[in-house]
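Enquirer: Before I ask anything, here is the structure I am working with.
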Amino acid sequence: MKIYNTLSKKKEDFVPIEEGKVRMYVCGPTVYNLIHIGNARPMIVFDTVRRYMEYKGYDVNYVSNFTDVDDKIIKKAMEEGVDASVISKRYIEECKKDMAAMNVKPATTHPLATNEIGGMLDMIETLMEKGYAYKAEDGTVYFRTRNFKEYGKLSHKNLDDLQGGNRSLLVSGAEQKEDALDFVLWKPKKEGEPYWESPWCDGRPGWHIECSVMSKKYLGDEIDIHAGGEDLVFPHHENEIAQSEAANGKIFSKYWMHNAFLNIDNRKMSKSAGNFFTVRDISEKYDLQILRFFMLSAHYRSPLNFSAELMEAAKNGYERIVTSVGNLNYLLENAPSGELKDGERELLEEAGAFTDRFDEAMDDDFNTADAIAAIFELVKFANTHAGQESSKAFLQALKEEIKELSDICGLIVEKKEELLDADIEALIEERQAARKEKNFARADEIRKELLDKGIILEDTREGVKWKRA
Ligand code: AMP
Ligand code: ZN
């Protein structure tokens with residue numbers, strides 16, 4: 001498996017630190033609003049990386065944070081006259097709903113910055129002790145960037161270039177810094193803002209320190225993959241490397257992966273220019289599986305343009321796979337025998353080549369565009385060779401192959417018949433009646449029927465409750 005590493009600017013063989021295990025950290029969103037479709041790109045892309053690694057047998061520990069203290073959150077809280085935590089909690093919940101609808105698996109851990117302040121104080125303290133940090137007069141603590149000799153190694157920037165004419169590259173900050181490149185680790189509180197006590201001043205952390213600390217706590221000092229959108233390379237990830245490697249004295253992450261940006265109609269997404277969509281906006285028009293398909297139809301390191309035409313193309317592509325699985329299910333209902341028939345074994349061997357092609361594409365730095373092309377070829381093969389004469393075993397094997405490859409992409413391609421609420425309640429009533437008559441066989445049968453359709457029953461003191469799995 002090869003991964004393009006932003007550090008070396010090369011595709012490198014993936015060799016995990018610990019055999020069979022992957023420790024992966026993906027910078028998550030700042031939660032002050034519904035997530036937009038740009039935020040959805042890293043979520044979908046790195047969820048697919050995780051799924052592929054799991055398919056390859058790795059045990060993946062996947063950590064992705066929510067930044068729940070930040071200027072934008074505080075501003076919104078002030079506008080609404082509520083606590084910042086009300087805003088962050090609300091949008092974390094909404095973000096999780098969008099993730100579920102896009103079939104993005106929950107992370108192994110989703111830490112919140114505000115729960116990890118203690119770890120941040122410890123790391124800043126260590127940096128102070130090692131001479132990598134200093135306190136300014138007003139209590140702000142800065143990272144002494146020039147002391148970290150490898151600063152710039154990820155973004156391939158030279159310290160003197162940063163210091164020199166190009167102001168846009170300077171990390172912003174106040175006059176009181178020793179050096180223009182120094183960045184904030186801890187800053188004093190402002191009136192009405194959330195704050196925590198610290199040895200330097202009552203205040204709150206700078207943004208970069210949270211990821212260094214959460215990554216260390218949940219994954220250890222050295223991790224395999226650190227990922228995020230390409231806008232994070234500088235300064236966020238560069239600063240994370242400086243903090244972590246200075247504090248821990250170890251290489252922070254072996255591989256650094258960055259997705260390119262999502263644009264709309266070939267322009268940068270911008271709220272004021274009116275070309276901006278939340279994931280929720282898109283869900284009103286499309287099944288979010290189509291958004292997922294769209295995101296994976298390009299390589300993650302290529303810029304991707306969102307447009308109505310491309311979404312329509314994604315819809316057609318996705319439906320081609322769903323239709324093929326639907327047809328296989330239809331044939332399966334009436335298929336004659338269970339055993340493979342003459343010639344079917346050879347056909348299945350041929351079909352296996354599409355999985356090899358899929359794996360090859362994914363092994364080449366997660367080329368999902370080519371991987372999806374392999375699924376299409378498999379679908380075409382299935383459409384050509386599956387028929388009314390096919391055996392159950394043959395149809396089932398083809399269906400499983402399509403489903404497995406789609407599942408690695410996080411695409412749900414088998415549509416289960418959806419039960420309406422009224423149907424569910426009617427069945428629950430029937431089950432209650434059966435129980436009253438001590439017809440437990442029928443009652444169990446109904447429970448199982450519902451379970452098969454993804455409905456879970458719970459017998460409580462207040463009666464029967466149900467939920468969708
Ligand atoms: P933020 O909440 O701005 O910190 O962003 C969360 C994640 O979304 C980061 O990994 C960003 O790099 C990524 N991101 C934000 N906007 C876009 C975009 N237009 N295209 C791709 N990724 C983006
Ligand atoms: Zn981060």
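Ordering of the structure tokens sets the chain letters (A, B, ...); residue numbers start at 1 within each chain; ligands are numbered from 1 in the order shown.
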Go through chain A residue by residue and, counting only C-alpha atoms and all ligand atoms, keep those with an atom at most 7 Å from ligand 1; for each kept residue give the shortest atom pair and its distance in Å to one decimal, ordered by chain and increasing number, as JSON lines.
Expert:
```
{"residue": "A:Cys27", "atom": "CA", "partner": "ligand 1", "partner_atom_place_in_ligand_line": "10 (O)", "distance": 5.5}
{"residue": "A:Gly28", "atom": "CA", "partner": "ligand 1", "partner_atom_place_in_ligand_line": "6 (C)", "distance": 5.1}
{"residue": "A:Pro29", "atom": "CA", "partner": "ligand 1", "partner_atom_place_in_ligand_line": "2 (O)", "distance": 3.4}
{"residue": "A:Thr30", "atom": "CA", "partner": "ligand 1", "partner_atom_place_in_ligand_line": "2 (O)", "distance": 4.1}
{"residue": "A:Val31", "atom": "CA", "partner": "ligand 1", "partner_atom_place_in_ligand_line": "2 (O)", "distance": 6.9}
{"residue": "A:Gly38", "atom": "CA", "partner": "ligand 1", "partner_atom_place_in_ligand_line": "18 (C)", "distance": 3.4}
{"residue": "A:Asn39", "atom": "CA", "partner": "ligand 1", "partner_atom_place_in_ligand_line": "8 (O)", "distance": 3.6}
{"residue": "A:Ala40", "atom": "CA", "partner": "ligand 1", "partner_atom_place_in_ligand_line": "8 (O)", "distance": 6.8}
{"residue": "A:Arg41", "atom": "CA", "partner": "ligand 1", "partner_atom_place_in_ligand_line": "21 (C)", "distance": 5.3}
{"residue": "A:Pro42", "atom": "CA", "partner": "ligand 1", "partner_atom_place_in_ligand_line": "10 (O)", "distance": 5.8}
{"residue": "A:Gly228", "atom": "CA", "partner": "ligand 1", "partner_atom_place_in_ligand_line": "10 (O)", "distance": 3.8}
{"residue": "A:Gly229", "atom": "CA", "partner": "ligand 1", "partner_atom_place_in_ligand_line": "12 (O)", "distance": 3.0}
{"residue": "A:Glu230", "atom": "CA", "partner": "ligand 1", "partner_atom_place_in_ligand_line": "12 (O)", "distance": 5.6}
{"residue": "A:Asp231", "atom": "CA", "partner": "ligand 1", "partner_atom_place_in_ligand_line": "12 (O)", "distance": 5.1}
{"residue": "A:Leu232", "atom": "CA", "partner": "ligand 1", "partner_atom_place_in_ligand_line": "12 (O)", "distance": 5.4}
{"residue": "A:Asn259", "atom": "CA", "partner": "ligand 1", "partner_atom_place_in_ligand_line": "21 (C)", "distance": 6.5}
{"residue": "A:Ala260", "atom": "CA", "partner": "ligand 1", "partner_atom_place_in_ligand_line": "21 (C)", "distance": 5.9}
{"residue": "A:Phe261", "atom": "CA", "partner": "ligand 1", "partner_atom_place_in_ligand_line": "20 (N)", "distance": 3.5}
{"residue": "A:Leu262", "atom": "CA", "partner": "ligand 1", "partner_atom_place_in_ligand_line": "20 (N)", "distance": 3.8}
{"residue": "A:Asn263", "atom": "CA", "partner": "ligand 1", "partner_atom_place_in_ligand_line": "19 (N)", "distance": 5.9}
{"residue": "A:Met269", "atom": "CA", "partner": "ligand 1", "partner_atom_place_in_ligand_line": "19 (N)", "distance": 6.0}
```
Enquirer: Can I get the residues close to ligand 2 as a ChimeraX atom specification, where close means within 9 Å and we count only C-alpha atoms and all ligand atoms?
Expert: /A:25-29,64-65,67,207-212,226-228,232,236-237,240
Enquirer: Measuring between only C-alpha atoms, which one of A:Ala469, A:Lys157, A:Cys95, A:Leu405 shows the shortest distance to Thr278 of chain A?
Expert: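 Looking only at the distances to Thr278 of chain A, the closest residue turns out to be A:Cys95.
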Enquirer: Excluding segment 187-196 of chain A and any residue of its chain fewer than 4 positions from it, enumerate the residues within 8 Å of it, using only C-alpha atoms, and give them as a list in words.
Expert: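 Listed by chain and then number, they are Ile74, Ala84, Ile117, Asp138, Gly139, Thr140, Val141, Cys201, Asp202, Gly203, Arg204, Pro205 and Gly206 of chain A.
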Enquirer: Report the distance between atom CA of Met102 of chain A and atom CA of Phe293 of chain A in Å, rounded to one decimal place.
Expert: 9.7 Å
Enquirer: Tell me which of A:Ile456, A:Met123, A:Met24, A:Met1 sits closest to Tyr255 of chain A, counting only C-alpha atoms.
Expert: A:Met24
Enquirer: Tell me, which residues of segment 135-341 of chain A carry DSSP strand (DSSP E or B), written as a PyMOL selection string?
Expert: chain A and resi 135+141-143+183-188+196+203-205+223-229+253-259+262-264+267+270+275+278+304-306
Enquirer: Can you pull out every residue from segment 154-358 of chain A that DSSP, working from the backbone, puts in helix (DSSP H, G or I), and format the result as a ChimeraX atom specification?
Expert: /A:159-163,167-169,207-219,230-248,279-285,288-296,308-334,344-358
Enquirer: How about saving the chosen residues, C-alpha atoms kept, as a short mmCIF file (atom, residue, chain, number, x, y, z; two decimals), in the first residue's frame?
Expert:
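Output (selection-v5.cif):
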```cif
data_model
loop_
_atom_site.label_atom_id
_atom_site.label_comp_id
_atom_site.auth_asym_id
_atom_site.auth_seq_id
_atom_site.Cartn_x
_atom_site.Cartn_y
_atom_site.Cartn_z
CA LEU A 159 12.27 30.02 8.02
CA ASP A 160 14.05 32.98 6.46
CA ASP A 161 11.52 33.17 3.64
CA LEU A 162 8.79 33.16 6.24
CA GLN A 163 10.53 35.86 8.18
CA ARG A 167 3.88 38.79 5.03
CA SER A 168 1.04 36.48 4.12
CA LEU A 169 3.11 33.58 5.40
CA TRP A 207 -5.92 26.28 18.45
CA HIS A 208 -2.85 24.19 17.52
CA ILE A 209 -2.08 22.78 20.95
CA GLU A 210 -5.33 20.82 21.20
CA CYS A 211 -4.49 18.38 18.39
CA SER A 212 -0.96 17.72 19.70
CA VAL A 213 -2.42 16.91 23.11
CA MET A 214 -5.39 14.80 22.02
CA SER A 215 -3.25 12.83 19.59
CA LYS A 216 -0.74 12.09 22.38
CA LYS A 217 -3.43 11.12 24.87
CA TYR A 218 -5.46 8.81 22.67
CA LEU A 219 -2.81 7.47 20.29
CA GLU A 230 -4.64 20.97 2.59
CA ASP A 231 -5.32 24.36 4.18
CA LEU A 232 -4.13 22.82 7.45
CA VAL A 233 -0.57 22.07 6.25
CA PHE A 234 0.52 25.57 7.22
CA PRO A 235 0.42 26.77 9.87
CA HIS A 236 -1.75 24.26 11.79
CA HIS A 237 0.08 21.01 11.08
CA GLU A 238 3.50 22.65 10.95
CA ASN A 239 2.82 24.02 14.43
CA GLU A 240 1.48 20.70 15.69
CA ILE A 241 4.75 19.04 14.60
CA ALA A 242 6.80 21.72 16.34
CA GLN A 243 4.82 21.39 19.60
CA SER A 244 4.68 17.58 19.69
CA GLU A 245 8.24 16.87 18.59
CA ALA A 246 9.69 19.56 20.87
CA ALA A 247 7.69 18.29 23.86
CA ASN A 248 7.94 14.53 23.28
CA VAL A 279 -24.43 19.04 3.89
CA ARG A 280 -27.99 19.56 5.15
CA ASP A 281 -28.82 21.70 2.08
CA ILE A 282 -27.67 18.90 -0.20
CA SER A 283 -29.64 16.30 1.76
CA GLU A 284 -32.86 18.07 0.82
CA LYS A 285 -32.24 17.30 -2.83
CA LEU A 288 -26.23 11.72 0.86
CA GLN A 289 -24.90 8.46 -0.54
CA ILE A 290 -24.78 10.36 -3.83
CA LEU A 291 -22.70 13.11 -2.20
CA ARG A 292 -20.36 10.39 -0.93
CA PHE A 293 -20.14 8.82 -4.38
CA PHE A 294 -19.41 12.27 -5.85
CA MET A 295 -16.58 12.91 -3.36
CA LEU A 296 -14.95 9.58 -4.15
CA ALA A 308 -25.36 20.33 -10.44
CA GLU A 309 -24.17 18.41 -13.55
CA LEU A 310 -21.52 16.49 -11.65
CA MET A 311 -24.02 15.62 -8.92
CA GLU A 312 -26.40 14.30 -11.58
CA ALA A 313 -23.57 12.21 -13.01
CA ALA A 314 -22.84 10.91 -9.49
CA LYS A 315 -26.52 10.06 -9.05
CA ASN A 316 -26.51 8.03 -12.27
CA GLY A 317 -23.29 6.27 -11.30
CA TYR A 318 -24.48 5.37 -7.84
CA GLU A 319 -27.86 4.19 -9.11
CA ARG A 320 -26.18 1.92 -11.65
CA ILE A 321 -24.67 -0.06 -8.78
CA VAL A 322 -27.89 -0.03 -6.72
CA THR A 323 -29.92 -1.22 -9.71
CA SER A 324 -27.52 -4.06 -10.42
CA VAL A 325 -27.75 -5.30 -6.81
CA GLY A 326 -31.56 -4.94 -7.01
CA ASN A 327 -31.60 -7.09 -10.14
CA LEU A 328 -29.44 -9.73 -8.48
CA ASN A 329 -31.86 -9.80 -5.55
CA TYR A 330 -34.79 -10.20 -7.91
CA LEU A 331 -33.06 -13.09 -9.68
CA LEU A 332 -32.11 -14.63 -6.33
CA GLU A 333 -35.74 -14.85 -5.27
CA ASN A 334 -36.53 -17.17 -8.15
CA GLU A 344 -20.05 -20.46 -13.18
CA ARG A 345 -16.92 -21.17 -11.17
CA GLU A 346 -14.77 -19.90 -14.05
CA LEU A 347 -16.97 -16.82 -14.36
CA LEU A 348 -16.53 -16.08 -10.66
CA GLU A 349 -12.77 -16.38 -11.05
CA GLU A 350 -12.99 -13.83 -13.85
CA ALA A 351 -15.08 -11.58 -11.63
CA GLY A 352 -12.42 -11.86 -8.91
CA ALA A 353 -10.09 -9.89 -11.17
CA PHE A 354 -12.23 -6.80 -10.56
CA THR A 355 -11.50 -7.02 -6.85
CA ASP A 356 -7.79 -7.25 -7.69
CA ARG A 357 -8.15 -4.14 -9.83
CA PHE A 358 -10.03 -2.37 -7.05
#
```
Enquirer: With only C-alpha atoms as the counted atoms, please give the residues lying no more than 9 Å from Asp59 of chain A, apart from itself and same-chain residues fewer than 3 positions off, as a short mmCIF file (atom, residue, chain, number, x, y, z; two decimals) with N, CA and C atoms, in the first residue's frame.
Expert:
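Dumped everything to selection14.cif:
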```cif
data_model
loop_
_atom_site.label_atom_id
_atom_site.label_comp_id
_atom_site.auth_asym_id
_atom_site.auth_seq_id
_atom_site.Cartn_x
_atom_site.Cartn_y
_atom_site.Cartn_z
N GLY A 20 0.23 -4.59 12.11
CA GLY A 20 -1.21 -4.88 12.17
C GLY A 20 -2.06 -3.77 12.75
N LYS A 21 -1.41 -2.68 13.19
CA LYS A 21 -2.18 -1.60 13.82
C LYS A 21 -1.93 -0.28 13.11
N VAL A 22 -2.99 0.53 13.06
CA VAL A 22 -2.84 1.88 12.49
C VAL A 22 -3.36 2.88 13.50
N ARG A 23 -2.52 3.86 13.81
CA ARG A 23 -2.95 4.95 14.69
C ARG A 23 -3.10 6.18 13.84
N MET A 53 -8.22 0.18 5.09
CA MET A 53 -7.21 -0.42 5.97
C MET A 53 -7.82 -1.54 6.82
N GLU A 54 -9.04 -1.33 7.25
CA GLU A 54 -9.71 -2.39 8.04
C GLU A 54 -9.94 -3.63 7.17
#
```
Enquirer: What's around Thr48 of chain A at 9 Å? Count only C-alpha atoms, leave out sequence neighbours fewer than 5 positions away in its own chain, and write the answer as JSON, numbers by chain.
Expert: {"A": [43, 53, 104, 296, 366, 368, 408, 409, 410]}
Enquirer: With C-alpha atoms retained, write the just-selected residues as a tab-separated table (two decimals), in the first residue's frame.
Expert:
```
chain	number	residue	atom	x	y	z
A	43	MET	CA	-14.62	13.13	6.55
A	53	MET	CA	-7.21	-0.42	5.97
A	104	VAL	CA	-19.05	8.04	7.93
A	296	LEU	CA	-14.95	9.58	-4.15
A	366	PHE	CA	-6.28	5.45	-2.40
A	368	THR	CA	-10.95	5.92	-5.42
A	408	ILE	CA	-15.11	-0.23	1.48
A	409	CYS	CA	-16.12	3.04	-0.19
A	410	GLY	CA	-18.84	3.39	2.46
```
Enquirer: May I ask which of the residues A:Ile412, A:Ile424, A:Val60, A:Ala369 is the closest one to Leu457 of chain A, counting only C-alpha atoms?
Expert: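 Nearest candidate to Leu457 of chain A out of A:Ile412, A:Ile424, A:Val60, A:Ala369: A:Ile424.
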